[in-house]
Amino acid sequence: MSFMRKPKIAHPGLKKNALGLTRRDYEGVMSTLCAGCGHDSITAAIIQCCFELSVEPHRVAKVSGIGCSSKTPAYFLGQSHGFNSVHGRMPAVATGANAANGELDFIGVSGDGDSLSIGLGQFCHAMRRNLNMLYIIENNGVYGLTKGQFSASADVGTKAKKGEVNEQPPIDPVLTALAMGSTFVARSFSGDKAQLVPLIKAGLKHKGFALIDVLSPCVTFNDHEDSTKSYAYTRQHYHPALETDFIQPAGEIMADYDAGAALEIDLHDGSRVVLRKTAPDYDPQNRGLAFAYIKDKLREGEFLTGLLYVDEDGRDMHQLSNTVNQPLSSLGWEAVCPGSQALPGILDRYR
Amino acid sequence: MPEPQVTQRVNDFVIKLANVNGTGSASANSLLMKSIFRMGVPVVGKNFFPSNIQGLPTWYEIRLSREGHIARSGRVDIMVAMNAETYRQDLAEVSPGGVLIYDSTWPRSHELQREDVTIFGIPLARMCNEQFNGVRARILMKNIAYAGALAALLDIDLEIIKELLSETFAGKPKLAAANMEAIHLGYDYAQEHFDCPLPMRVERMDKTRGHIMIDGNTASALGCLYAGATIGAWYPITPSTSLMDAFRSLCEEHRTDEETGRNRYCVIQAEDELAAIGMVLGASWMGARAFTPTSGPGISLMSEFIGYGYYAEIPAVIFDVQRVGPSTGMPTRTQQCDIVSAAYCSHGDTRHPILFPADPAECFELSVAAFDLAERLQTPVFVLSDLDIGMNDWMCPAFQWDDDYRWDRGKVLGREELEQVDHFWRYFDQDGDGIPYRTLPGVDPKGAYFTRGSGHNAQGKYTEDSDEYREVMDRLTRKFETAAELVPGPVIIEKNRGDMAILSVGSCDGAVREALEILSREGISLDYLRVRAFPFSSRVQEFLDRHDRIFVIEQNRDAQLRTLLISETRTNPEKLLSVLHYDGLPIGSDCIVQAIREALAEGAAA
């Protein structure tokens, strides 16, 4: 970790976004993670996305659980409220906060221990409710803060730093998300910013639960030869099924794409996701086929990446709960208290 | 053998109805109770039911008390024994001079014999089988028929019964008529075969005007509605479930936007209690009023997040409708067994304000107070009722609402206030009362901070520095001292200003008040204090100081209220004498009277 205080100096020539903010305005405090940690690249990608999308920092709520990954919301968007909750329980906090004010953008950061072991139940139920949030799992297959135990995403046969071999099958967050009804399911790699940035943008704009499982090697405990979550292994077995581009409503094209082979999906705010298939028989709008294809590839030892499944028509928690448009947290006294004149009518039932 | 004589008792007796659960006896029992209530006679109902859906014994106890006593008295004057399985124990429970009614469709059991109890057989099943078609109807109507027989025996007004049935079955006149037929089956049979009415009977009074019969969970839900709570997150658990059911149905009626048909509330059924409290904290952090109803096992599961709420200083309202523990315990029986676990819930040094309602009227009042306190103090607040208050129907004065009341949202800095300060420090004690200022997400970038359960300093930044850690912890202690001044004070009855007193809590109140009257008639005078909140206010300390011998009456085995008094006040523990009741049934006045008599006799002998 670094002991340096981040200097708050902005070069006058720094690029500004539509709000007149620079990239620096989207940063948080200095990261205390190990040098070379994949998580820091994800933090940088989130900062880039929010800057480029001209997100108002205070209109974002950052939520996390416990673990290395869950520390990272302190390292981005220092002008946003954050909630570093208890282990595995971030989805509950996000659910309550979103129920109170769904107008904000919710960015949740979790890890494989936080989401796939202690918090597996809450992770599943947030998807079942189609909570409108971006949910990033920074997945390294290992418990970092407690120094190197296997997590539930560790592959069979993977070897711990001290030599122990994992014999239990992994829980795959992408397959879990598909099974639980998540309406946006993606996988990426912390070392591939070109893929990660448009995915995060699309996930933020998706109305509903957007899962991005980001393979993010742990340089300290899980970056050795016998690990299947090391930088080297991930780069070798990483297989983009779909190249993903994100297009803002303004029409700014983030990347070139071959329009002929592309699948365009409109998001609710008018932005668009463009998917270009590299695997010809892959269908990102068919939950069952996507599940089978990803599973087959996993069996072959390959991680399919990209936006693997998307459904823009799912109803989110607020629609399912039929709540009013105005955030419940901002309703005034008259809108919530029926007053003395309603009381006799209520009490008549009890006479 | 002489015929047993039925005791003369007008408007002062107890009817107990022994049934098999799942047979629909609840509607017959509540019909009976409401009829008596509408005759102007004070009445209270207690349901002793199993944790089961169908087939186990269940009892309902109705006490008529012209004096307005609301606790159990320890006697049973009329037993309606509809469950052959429990004949023996039901008969044994009847007080001398009482009555037992049983279904004589089947031969009288040899068990049903007692010299000092009058036994009436009514062929309820046979009559209903002849009159009604279908198994379900026959079973249900059998219960309504015994209500009819009791109407004749006790002189309950048939017109009132008819009126109640037509209200219950509004829009279903056929059902109302069928029920009335069943009433007449029992009524006519009793008129024909017995000397009606009995010396034990109901006479019209005028003591229920301006009153309602309501359960505490409904009253708490009404408090949540009126307090402006918009988010309720919960996981179903007996005996708290009916609180959220009531909140939802009240909201459907009073929080549906007339133009859009959309909801100004959100009820979330969580995957477990761990999630339910997390949702409440998330919603409160965002600025909504949020609550969760639960019971003991739920509190155990929530404890990690409750400690988080304490340390990160987030409002939350937690209704703990206590049931019998430990562990799963007896889920449908009552106790006051979460006092200590609520007060210090969660690991580390944590203390939480608790409000203790004594009846549904206080459930309404204190649930509104709980939201104000939670937001004023920025901390989780417990409302500790119990199954007896929560699920039984109590007679209370009709609730009032003051339209001048406004909610207290506490110290929240908005955009304009933030503009006027140089910087925002989340955990800084600006005012010296231990309560810092908070900001809500989405309002202004200047108010942003990172809420965390890990060590933090007055600025809200992460810390592992000893002094910074202690600064925050010591301020939390000051905040708790402030809480003692803000919570509702105790109720004190100090007619005698003697040296002996009773100190009690919650649903013991009715039994204590009746016991005080009984003991006073015997020349034993005691002062009385009922705590309504933790932390204890200075008035509790002063009361303890004024008395030499204080009976602490509570419904648990381990004297939890006494433990809390010893650790949180400056009182000599030897002054505090426990009277404990923990069999799962609501405490009766008889138990208190007896314990105090015995204690005083021992004291006199010593």
# chains A, B, ... in the order shown; residues from 1 in each chain; ligands from 1
>>> residues_around(residues="stretch 130-137 of chain A", least_positions_apart="2", cutoff="7 Å", atoms="only C-alpha atoms", output="PyMOL selection string")
chain A and resi 95+105-112+126-128+139+182+203-204+207-214+316-317
>>> residues_around(residues="stretch 55-72 of chain A", least_positions_apart="5", cutoff="6 Å", atoms="only C-alpha atoms", output="short mmCIF file (atom, residue, chain, number, x, y, z; two decimals) with N, CA and C atoms, in the first residue's frame")
data_model
loop_
_atom_site.label_atom_id
_atom_site.label_comp_id
_atom_site.auth_asym_id
_atom_site.auth_seq_id
_atom_site.Cartn_x
_atom_site.Cartn_y
_atom_site.Cartn_z
N CYS A 50 -17.69 7.16 -14.88
CA CYS A 50 -18.52 8.21 -14.29
C CYS A 50 -18.13 9.58 -14.84
N GLN A 79 -17.04 12.41 -3.69
CA GLN A 79 -18.15 13.34 -3.44
C GLN A 79 -19.50 12.63 -3.45
N SER A 80 -19.45 11.30 -3.31
CA SER A 80 -20.69 10.53 -3.22
C SER A 80 -20.80 9.95 -1.81
N HIS A 81 -22.03 9.76 -1.35
CA HIS A 81 -22.22 9.03 -0.10
C HIS A 81 -21.86 7.56 -0.32
N GLY A 82 -21.21 6.97 0.67
CA GLY A 82 -20.88 5.55 0.58
C GLY A 82 -21.36 4.82 1.81
N PHE A 83 -21.60 3.54 1.67
CA PHE A 83 -22.06 2.71 2.79
C PHE A 83 -21.28 1.41 2.75
N ASN A 84 -20.26 1.34 3.59
CA ASN A 84 -19.46 0.13 3.70
C ASN A 84 -20.12 -0.71 4.80
N SER A 85 -20.93 -1.69 4.41
CA SER A 85 -21.82 -2.35 5.38
C SER A 85 -21.12 -3.51 6.08
N VAL A 86 -21.87 -4.51 6.49
CA VAL A 86 -21.26 -5.68 7.13
C VAL A 86 -21.09 -6.79 6.09
N HIS A 87 -20.39 -7.84 6.47
CA HIS A 87 -19.95 -8.85 5.51
C HIS A 87 -21.13 -9.56 4.85
N GLY A 88 -21.20 -9.44 3.54
CA GLY A 88 -22.21 -10.17 2.78
C GLY A 88 -23.58 -9.54 2.76
N MET A 90 -24.37 -6.21 1.82
CA MET A 90 -24.55 -5.00 1.03
C MET A 90 -25.87 -5.00 0.24
N LEU A 104 -31.29 7.79 -7.43
CA LEU A 104 -29.83 7.79 -7.46
C LEU A 104 -29.32 6.59 -8.27
N ASP A 105 -28.06 6.70 -8.73
CA ASP A 105 -27.39 5.54 -9.32
C ASP A 105 -26.72 4.77 -8.20
N PHE A 106 -26.93 3.48 -8.17
CA PHE A 106 -26.32 2.66 -7.13
C PHE A 106 -25.17 1.84 -7.70
N ILE A 107 -24.00 2.00 -7.09
CA ILE A 107 -22.84 1.18 -7.49
C ILE A 107 -22.46 0.33 -6.30
N GLY A 108 -22.60 -0.98 -6.46
CA GLY A 108 -22.21 -1.90 -5.40
C GLY A 108 -20.92 -2.60 -5.78
N VAL A 109 -20.01 -2.68 -4.84
CA VAL A 109 -18.78 -3.43 -5.08
C VAL A 109 -18.67 -4.51 -4.02
N SER A 110 -18.44 -5.73 -4.50
CA SER A 110 -18.37 -6.86 -3.59
C SER A 110 -17.24 -7.78 -4.06
N GLY A 111 -17.00 -8.81 -3.28
CA GLY A 111 -15.98 -9.78 -3.67
C GLY A 111 -16.56 -11.17 -3.74
N GLU A 138 -15.55 -8.24 -7.59
CA GLU A 138 -14.12 -8.27 -7.88
C GLU A 138 -13.62 -9.63 -7.43
N GLY B 442 -27.52 12.13 -2.09
CA GLY B 442 -28.29 12.72 -3.19
C GLY B 442 -28.56 14.20 -3.03
N ASP B 444 -26.15 16.94 -1.67
CA ASP B 444 -25.09 17.88 -1.99
C ASP B 444 -23.73 17.19 -1.85
N PRO B 445 -22.83 17.43 -2.83
CA PRO B 445 -21.53 16.75 -2.76
C PRO B 445 -20.74 17.11 -1.51
#
>>> closest_residue(among="A:Ser115, A:Ser330, A:Ser216, A:Thr176", to="A:Lys295", atoms="only C-alpha atoms")
A:Thr176
>>> residues_around(residues="stretch 580-583 of chain B", least_positions_apart="6", cutoff="7 Å", atoms="only C-alpha atoms", output="MDAnalysis selection string")
chainID B and resid 335 553:557 559
>>> interface_residues(of="chain B", to="chain A", cutoff="7 Å", atoms="only C-alpha atoms", output="MDAnalysis selection string")
chainID B and resid 212:214 225:228 230 254:255 262:266 271 275 278:283 285:288 401:403 441:446 448:453
>>> write_last_selection(atoms="N, CA and C atoms", output="short mmCIF file (atom, residue, chain, number, x, y, z; two decimals), in the first residue's frame")
data_model
loop_
_atom_site.label_atom_id
_atom_site.label_comp_id
_atom_site.auth_asym_id
_atom_site.auth_seq_id
_atom_site.Cartn_x
_atom_site.Cartn_y
_atom_site.Cartn_z
N ILE B 212 -62.07 1.16 22.55
CA ILE B 212 -61.97 0.21 21.44
C ILE B 212 -61.37 -1.09 21.97
N MET B 213 -61.57 -2.15 21.19
CA MET B 213 -60.93 -3.44 21.50
C MET B 213 -59.92 -3.66 20.38
N ILE B 214 -58.65 -3.60 20.72
CA ILE B 214 -57.65 -3.68 19.66
C ILE B 214 -56.43 -4.43 20.16
N LEU B 225 -47.93 4.12 10.64
CA LEU B 225 -48.63 4.89 9.60
C LEU B 225 -48.64 6.37 9.96
N TYR B 226 -49.03 6.66 11.19
CA TYR B 226 -49.14 8.07 11.61
C TYR B 226 -47.78 8.74 11.79
N ALA B 227 -46.77 7.96 12.11
CA ALA B 227 -45.43 8.54 12.28
C ALA B 227 -44.78 8.83 10.93
N GLY B 228 -45.41 8.38 9.85
CA GLY B 228 -44.87 8.66 8.53
C GLY B 228 -43.82 7.66 8.08
N THR B 230 -42.34 4.99 5.85
CA THR B 230 -42.68 4.64 4.48
C THR B 230 -42.12 3.28 4.08
N HIS B 254 -54.67 4.22 3.16
CA HIS B 254 -54.34 5.63 3.44
C HIS B 254 -53.08 6.14 2.76
N ARG B 255 -52.39 5.27 2.02
CA ARG B 255 -51.16 5.72 1.39
C ARG B 255 -51.15 5.36 -0.10
N ARG B 262 -50.72 4.60 -7.16
CA ARG B 262 -49.43 4.04 -6.73
C ARG B 262 -49.15 4.29 -5.24
N ASN B 263 -48.17 3.55 -4.72
CA ASN B 263 -48.00 3.47 -3.28
C ASN B 263 -47.01 4.50 -2.71
N ARG B 264 -47.43 5.14 -1.65
CA ARG B 264 -46.51 6.01 -0.93
C ARG B 264 -45.91 5.23 0.25
N TYR B 265 -45.58 3.99 0.00
CA TYR B 265 -44.94 3.13 1.00
C TYR B 265 -44.35 1.95 0.25
N CYS B 266 -43.47 1.23 0.92
CA CYS B 266 -42.92 0.03 0.30
C CYS B 266 -42.68 -1.00 1.40
N GLU B 271 -35.41 -11.83 2.74
CA GLU B 271 -35.05 -13.25 2.72
C GLU B 271 -34.77 -13.77 4.11
N ALA B 275 -31.29 -9.57 6.51
CA ALA B 275 -31.56 -8.66 5.40
C ALA B 275 -32.57 -7.59 5.81
N GLY B 278 -30.93 -4.82 7.53
CA GLY B 278 -30.06 -4.13 6.58
C GLY B 278 -30.85 -3.18 5.69
N MET B 279 -32.03 -3.62 5.28
CA MET B 279 -32.90 -2.78 4.45
C MET B 279 -33.36 -1.55 5.24
N VAL B 280 -33.68 -1.77 6.50
CA VAL B 280 -34.12 -0.65 7.34
C VAL B 280 -32.99 0.37 7.48
N LEU B 281 -31.77 -0.12 7.71
CA LEU B 281 -30.65 0.81 7.84
C LEU B 281 -30.40 1.55 6.52
N GLY B 282 -30.47 0.83 5.41
CA GLY B 282 -30.26 1.45 4.11
C GLY B 282 -31.29 2.55 3.84
N ALA B 283 -32.55 2.24 4.16
CA ALA B 283 -33.63 3.20 3.92
C ALA B 283 -33.51 4.41 4.84
N TRP B 285 -30.76 5.52 6.26
CA TRP B 285 -29.56 6.24 5.81
C TRP B 285 -29.92 7.18 4.67
N MET B 286 -30.84 6.72 3.83
CA MET B 286 -31.27 7.52 2.68
C MET B 286 -32.28 8.58 3.10
N GLY B 287 -32.79 8.50 4.33
CA GLY B 287 -33.66 9.56 4.82
C GLY B 287 -35.12 9.20 4.95
N ALA B 288 -35.48 7.94 4.72
CA ALA B 288 -36.88 7.53 4.91
C ALA B 288 -37.05 7.04 6.35
N TRP B 401 -55.41 11.76 18.02
CA TRP B 401 -54.27 12.27 17.25
C TRP B 401 -54.29 13.79 17.27
N ASP B 402 -53.14 14.37 17.56
CA ASP B 402 -53.01 15.82 17.62
C ASP B 402 -52.47 16.32 16.28
N ASP B 403 -53.30 17.06 15.56
CA ASP B 403 -52.88 17.51 14.23
C ASP B 403 -51.75 18.54 14.26
N PRO B 441 -27.81 11.12 1.35
CA PRO B 441 -27.28 10.95 -0.01
C PRO B 441 -28.15 11.71 -1.02
N GLY B 442 -27.52 12.13 -2.09
CA GLY B 442 -28.29 12.72 -3.19
C GLY B 442 -28.56 14.20 -3.03
N VAL B 443 -28.10 14.81 -1.92
CA VAL B 443 -28.45 16.20 -1.66
C VAL B 443 -27.37 17.16 -2.12
N ASP B 444 -26.15 16.94 -1.67
CA ASP B 444 -25.09 17.88 -1.99
C ASP B 444 -23.73 17.19 -1.85
N PRO B 445 -22.83 17.43 -2.83
CA PRO B 445 -21.53 16.75 -2.76
C PRO B 445 -20.74 17.11 -1.51
N LYS B 446 -21.01 18.27 -0.95
CA LYS B 446 -20.28 18.68 0.24
C LYS B 446 -20.62 17.81 1.46
N ALA B 448 -21.04 14.61 1.40
CA ALA B 448 -20.68 13.21 1.18
C ALA B 448 -19.74 12.70 2.26
N TYR B 449 -19.96 11.47 2.69
CA TYR B 449 -19.03 10.82 3.61
C TYR B 449 -19.19 9.32 3.41
N PHE B 450 -18.24 8.58 3.94
CA PHE B 450 -18.25 7.13 3.76
C PHE B 450 -18.70 6.49 5.08
N THR B 451 -19.91 5.98 5.09
CA THR B 451 -20.47 5.37 6.29
C THR B 451 -19.82 4.02 6.52
N ARG B 452 -19.29 3.80 7.71
CA ARG B 452 -18.59 2.54 7.91
C ARG B 452 -18.75 2.04 9.34
N GLY B 453 -18.64 0.73 9.48
CA GLY B 453 -18.68 0.11 10.79
C GLY B 453 -17.28 -0.07 11.35
#
>>> residues_around(residues="B:Gly588", least_positions_apart="4", cutoff="10 Å", atoms="only C-alpha atoms", output="count of residues only")
15
>>> residues_around(residues="A:Tyr282", least_positions_apart="2", cutoff="9 Å", atoms="only C-alpha atoms", output="list of chain:residue names")
A:Ala241, A:Leu242, A:Lys277, A:Thr278, A:Ala279, A:Pro280, A:Pro284, A:Asn286, A:Leu289, A:Ala290, A:Tyr293, A:Leu308
>>> write_last_selection(atoms="C-alpha atoms", output="short mmCIF file (atom, residue, chain, number, x, y, z; two decimals), in the first residue's frame")
data_model
loop_
_atom_site.label_atom_id
_atom_site.label_comp_id
_atom_site.auth_asym_id
_atom_site.auth_seq_id
_atom_site.Cartn_x
_atom_site.Cartn_y
_atom_site.Cartn_z
CA ALA A 241 -17.72 -13.98 -26.58
CA LEU A 242 -19.02 -10.57 -27.42
CA LYS A 277 -20.35 -11.58 -31.47
CA THR A 278 -17.04 -13.35 -31.74
CA ALA A 279 -18.68 -16.70 -31.05
CA PRO A 280 -21.17 -17.11 -33.88
CA PRO A 284 -27.10 -12.98 -25.39
CA ASN A 286 -31.66 -16.23 -24.61
CA LEU A 289 -28.78 -20.95 -24.34
CA ALA A 290 -26.43 -18.42 -22.77
CA TYR A 293 -22.82 -22.05 -23.70
CA LEU A 308 -23.29 -12.30 -21.78
#
>>> atom_distance(atom1="atom CA of A:Thr43", atom2="atom CA of A:Asp223")
19.5 Å
>>> select_by_dssp(residues="stretch 10-247 of chain B", states="strand (DSSP E or B)", output="PDB file with C-alpha atoms, in the first residue's frame")
ATOM      1  CA  VAL B  10     -72.588 -10.302  37.641  1.00  0.00           C
ATOM      2  CA  ASP B  12     -67.247 -10.220  37.079  1.00  0.00           C
ATOM      3  CA  PHE B  13     -66.264 -13.667  35.905  1.00  0.00           C
ATOM      4  CA  VAL B  14     -64.065 -15.539  33.460  1.00  0.00           C
ATOM      5  CA  ILE B  15     -65.195 -17.657  30.517  1.00  0.00           C
ATOM      6  CA  LYS B  16     -62.654 -20.064  29.142  1.00  0.00           C
ATOM      7  CA  LEU B  17     -63.185 -21.792  25.810  1.00  0.00           C
ATOM      8  CA  ALA B  18     -61.235 -24.985  25.198  1.00  0.00           C
ATOM      9  CA  ASN B  19     -61.042 -25.949  21.534  1.00  0.00           C
ATOM     10  CA  VAL B  20     -59.034 -27.807  18.957  1.00  0.00           C
ATOM     11  CA  VAL B  43     -63.803  -7.186  28.907  1.00  0.00           C
ATOM     12  CA  VAL B  44     -60.427  -8.594  27.906  1.00  0.00           C
ATOM     13  CA  GLY B  45     -59.539 -11.632  25.800  1.00  0.00           C
ATOM     14  CA  LYS B  46     -56.458 -13.820  25.993  1.00  0.00           C
ATOM     15  CA  ASN B  47     -55.642 -16.429  23.410  1.00  0.00           C
ATOM     16  CA  PHE B  48     -53.504 -19.411  24.414  1.00  0.00           C
ATOM     17  CA  PRO B  57     -55.509 -27.849  21.978  1.00  0.00           C
ATOM     18  CA  THR B  58     -56.170 -24.124  22.104  1.00  0.00           C
ATOM     19  CA  TRP B  59     -57.863 -21.947  24.715  1.00  0.00           C
ATOM     20  CA  TYR B  60     -59.428 -18.537  24.737  1.00  0.00           C
ATOM     21  CA  GLU B  61     -60.066 -16.735  27.988  1.00  0.00           C
ATOM     22  CA  ILE B  62     -62.557 -13.889  28.300  1.00  0.00           C
ATOM     23  CA  ARG B  63     -62.604 -11.908  31.509  1.00  0.00           C
ATOM     24  CA  LEU B  64     -65.500  -9.597  32.308  1.00  0.00           C
ATOM     25  CA  SER B  65     -64.606  -7.047  34.913  1.00  0.00           C
ATOM     26  CA  ARG B  72     -55.820 -12.539  34.249  1.00  0.00           C
ATOM     27  CA  ILE B  78     -67.322 -20.938  32.928  1.00  0.00           C
ATOM     28  CA  MET B  79     -65.477 -23.537  30.919  1.00  0.00           C
ATOM     29  CA  VAL B  80     -66.683 -24.439  27.455  1.00  0.00           C
ATOM     30  CA  ALA B  81     -64.955 -27.783  26.976  1.00  0.00           C
ATOM     31  CA  VAL B  99     -69.957 -24.186  35.222  1.00  0.00           C
ATOM     32  CA  LEU B 100     -68.626 -26.551  32.570  1.00  0.00           C
ATOM     33  CA  ILE B 101     -70.361 -26.916  29.217  1.00  0.00           C
ATOM     34  CA  TYR B 102     -69.531 -29.820  26.944  1.00  0.00           C
ATOM     35  CA  ASP B 103     -70.793 -31.330  23.709  1.00  0.00           C
ATOM     36  CA  THR B 118     -72.340 -27.531  37.462  1.00  0.00           C
ATOM     37  CA  ILE B 119     -72.046 -29.487  34.250  1.00  0.00           C
ATOM     38  CA  PHE B 120     -74.240 -28.783  31.232  1.00  0.00           C
ATOM     39  CA  GLY B 121     -74.300 -31.048  28.198  1.00  0.00           C
ATOM     40  CA  ILE B 122     -75.492 -29.622  24.885  1.00  0.00           C
ATOM     41  CA  MET B 200     -73.459 -15.687  36.773  1.00  0.00           C
ATOM     42  CA  ARG B 201     -74.448 -13.338  33.988  1.00  0.00           C
ATOM     43  CA  HIS B 211     -63.225   2.630  24.062  1.00  0.00           C
ATOM     44  CA  ILE B 212     -61.968   0.208  21.439  1.00  0.00           C
ATOM     45  CA  MET B 213     -60.931  -3.444  21.496  1.00  0.00           C
ATOM     46  CA  ILE B 214     -57.649  -3.680  19.656  1.00  0.00           C
ATOM     47  CA  ASP B 215     -54.459  -5.731  19.619  1.00  0.00           C
ATOM     48  CA  ILE B 231     -40.541   1.524   4.418  1.00  0.00           C
ATOM     49  CA  GLY B 232     -41.160  -1.679   6.318  1.00  0.00           C
ATOM     50  CA  ALA B 233     -38.808  -4.599   5.831  1.00  0.00           C
ATOM     51  CA  TRP B 234     -39.441  -7.846   7.614  1.00  0.00           C
TER      52      TRP B 234
END
>>> select_by_dssp(residues="stretch 375-550 of chain B", states="helix (DSSP H, G or I)", output="ChimeraX atom specification")
/B:375-377,387-391,415-419,445-447,466-486,506-521,538-546
>>> atom_distance(atom1="atom CA of A:Arg235", atom2="atom CA of A:Pro170")
19.5 Å
>>> residues_around(residues="B:Trp425", least_positions_apart="3", cutoff="9 Å", atoms="only C-alpha atoms", output="NGL selection string")
:B and (428 or 436-438 or 447 or 449 or 458-461)
>>> write_last_selection(atoms="N, CA and C atoms", output="PDB file, in the first residue's frame")
ATOM      1  N   PHE B 428     -18.864  14.814  14.517  1.00  0.00           N
ATOM      2  CA  PHE B 428     -18.369  15.868  15.386  1.00  0.00           C
ATOM      3  C   PHE B 428     -19.486  16.363  16.299  1.00  0.00           C
ATOM      4  N   PRO B 436     -24.283  14.138  16.698  1.00  0.00           N
ATOM      5  CA  PRO B 436     -23.660  14.849  15.579  1.00  0.00           C
ATOM      6  C   PRO B 436     -24.707  15.222  14.515  1.00  0.00           C
ATOM      7  N   TYR B 437     -24.264  15.842  13.458  1.00  0.00           N
ATOM      8  CA  TYR B 437     -25.163  16.161  12.343  1.00  0.00           C
ATOM      9  C   TYR B 437     -24.977  15.138  11.241  1.00  0.00           C
ATOM     10  N   ARG B 438     -26.042  14.852  10.536  1.00  0.00           N
ATOM     11  CA  ARG B 438     -25.895  13.931   9.422  1.00  0.00           C
ATOM     12  C   ARG B 438     -26.377  14.581   8.131  1.00  0.00           C
ATOM     13  N   GLY B 447     -21.803  17.227   1.434  1.00  0.00           N
ATOM     14  CA  GLY B 447     -22.226  16.394   2.567  1.00  0.00           C
ATOM     15  C   GLY B 447     -21.769  14.952   2.467  1.00  0.00           C
ATOM     16  N   TYR B 449     -19.957  11.473   2.687  1.00  0.00           N
ATOM     17  CA  TYR B 449     -19.027  10.817   3.608  1.00  0.00           C
ATOM     18  C   TYR B 449     -19.190   9.316   3.411  1.00  0.00           C
ATOM     19  N   ALA B 458     -13.869  11.733  14.337  1.00  0.00           N
ATOM     20  CA  ALA B 458     -14.966  12.703  14.369  1.00  0.00           C
ATOM     21  C   ALA B 458     -15.302  13.222  12.976  1.00  0.00           C
ATOM     22  N   GLN B 459     -14.294  13.199  12.072  1.00  0.00           N
ATOM     23  CA  GLN B 459     -14.565  13.667  10.714  1.00  0.00           C
ATOM     24  C   GLN B 459     -15.339  12.637   9.898  1.00  0.00           C
ATOM     25  N   GLY B 460     -15.332  11.401  10.374  1.00  0.00           N
ATOM     26  CA  GLY B 460     -15.975  10.322   9.616  1.00  0.00           C
ATOM     27  C   GLY B 460     -14.966   9.538   8.806  1.00  0.00           C
ATOM     28  N   LYS B 461     -13.670   9.832   8.993  1.00  0.00           N
ATOM     29  CA  LYS B 461     -12.637   9.125   8.227  1.00  0.00           C
ATOM     30  C   LYS B 461     -12.198   7.863   8.963  1.00  0.00           C
TER      31      LYS B 461
END
>>> closest_residue(among="A:Thr244, A:Gln285, A:Gly144, A:Lys229", to="A:Leu33", atoms="only C-alpha atoms")
A:Gly144
>>> closest_residue(among="B:Asp116, B:Asp257, B:Asp545, B:Glu494", to="B:Leu526", atoms="only C-alpha atoms")
B:Glu494
>>> residues_around(residues="B:Gly329", least_positions_apart="5", cutoff="10 Å", atoms="only C-alpha atoms", output="list in words")
Gly296, Pro297, Arg323, Val324 and Gly584 of chain B
>>> write_last_selection(atoms="C-alpha atoms", output="PDB file, in the first residue's frame")
ATOM      1  CA  GLY B 296     -36.469 -12.834  19.815  1.00  0.00           C
ATOM      2  CA  PRO B 297     -34.860 -15.133  17.222  1.00  0.00           C
ATOM      3  CA  ARG B 323     -42.156 -14.619  22.790  1.00  0.00           C
ATOM      4  CA  VAL B 324     -40.919 -17.424  24.995  1.00  0.00           C
ATOM      5  CA  GLY B 584     -45.529 -18.562  28.934  1.00  0.00           C
TER       6      GLY B 584
END
>>> decode(residues="stretch 121-128 of chain A", atoms="N, CA and C atoms", output="PDB file, in the first residue's frame")
ATOM      1  N   GLY A 121     -27.003 -15.636  -0.183  1.00  0.00           N
ATOM      2  CA  GLY A 121     -28.461 -15.487  -0.128  1.00  0.00           C
ATOM      3  C   GLY A 121     -28.899 -14.085  -0.532  1.00  0.00           C
ATOM      4  N   GLN A 122     -28.240 -13.088   0.024  1.00  0.00           N
ATOM      5  CA  GLN A 122     -28.643 -11.721  -0.277  1.00  0.00           C
ATOM      6  C   GLN A 122     -28.354 -11.358  -1.735  1.00  0.00           C
ATOM      7  N   PHE A 123     -27.229 -11.847  -2.245  1.00  0.00           N
ATOM      8  CA  PHE A 123     -26.884 -11.623  -3.656  1.00  0.00           C
ATOM      9  C   PHE A 123     -28.010 -12.162  -4.550  1.00  0.00           C
ATOM     10  N   CYS A 124     -28.453 -13.377  -4.254  1.00  0.00           N
ATOM     11  CA  CYS A 124     -29.512 -14.005  -5.064  1.00  0.00           C
ATOM     12  C   CYS A 124     -30.822 -13.219  -4.968  1.00  0.00           C
ATOM     13  N   HIS A 125     -31.165 -12.798  -3.755  1.00  0.00           N
ATOM     14  CA  HIS A 125     -32.456 -12.136  -3.580  1.00  0.00           C
ATOM     15  C   HIS A 125     -32.490 -10.730  -4.182  1.00  0.00           C
ATOM     16  N   ALA A 126     -31.345 -10.077  -4.213  1.00  0.00           N
ATOM     17  CA  ALA A 126     -31.308  -8.761  -4.866  1.00  0.00           C
ATOM     18  C   ALA A 126     -31.601  -8.925  -6.358  1.00  0.00           C
ATOM     19  N   MET A 127     -31.092 -10.026  -6.940  1.00  0.00           N
ATOM     20  CA  MET A 127     -31.354 -10.279  -8.372  1.00  0.00           C
ATOM     21  C   MET A 127     -32.806 -10.651  -8.591  1.00  0.00           C
ATOM     22  N   ARG A 128     -33.332 -11.434  -7.643  1.00  0.00           N
ATOM     23  CA  ARG A 128     -34.720 -11.860  -7.739  1.00  0.00           C
ATOM     24  C   ARG A 128     -35.657 -10.650  -7.704  1.00  0.00           C
TER      25      ARG A 128
END
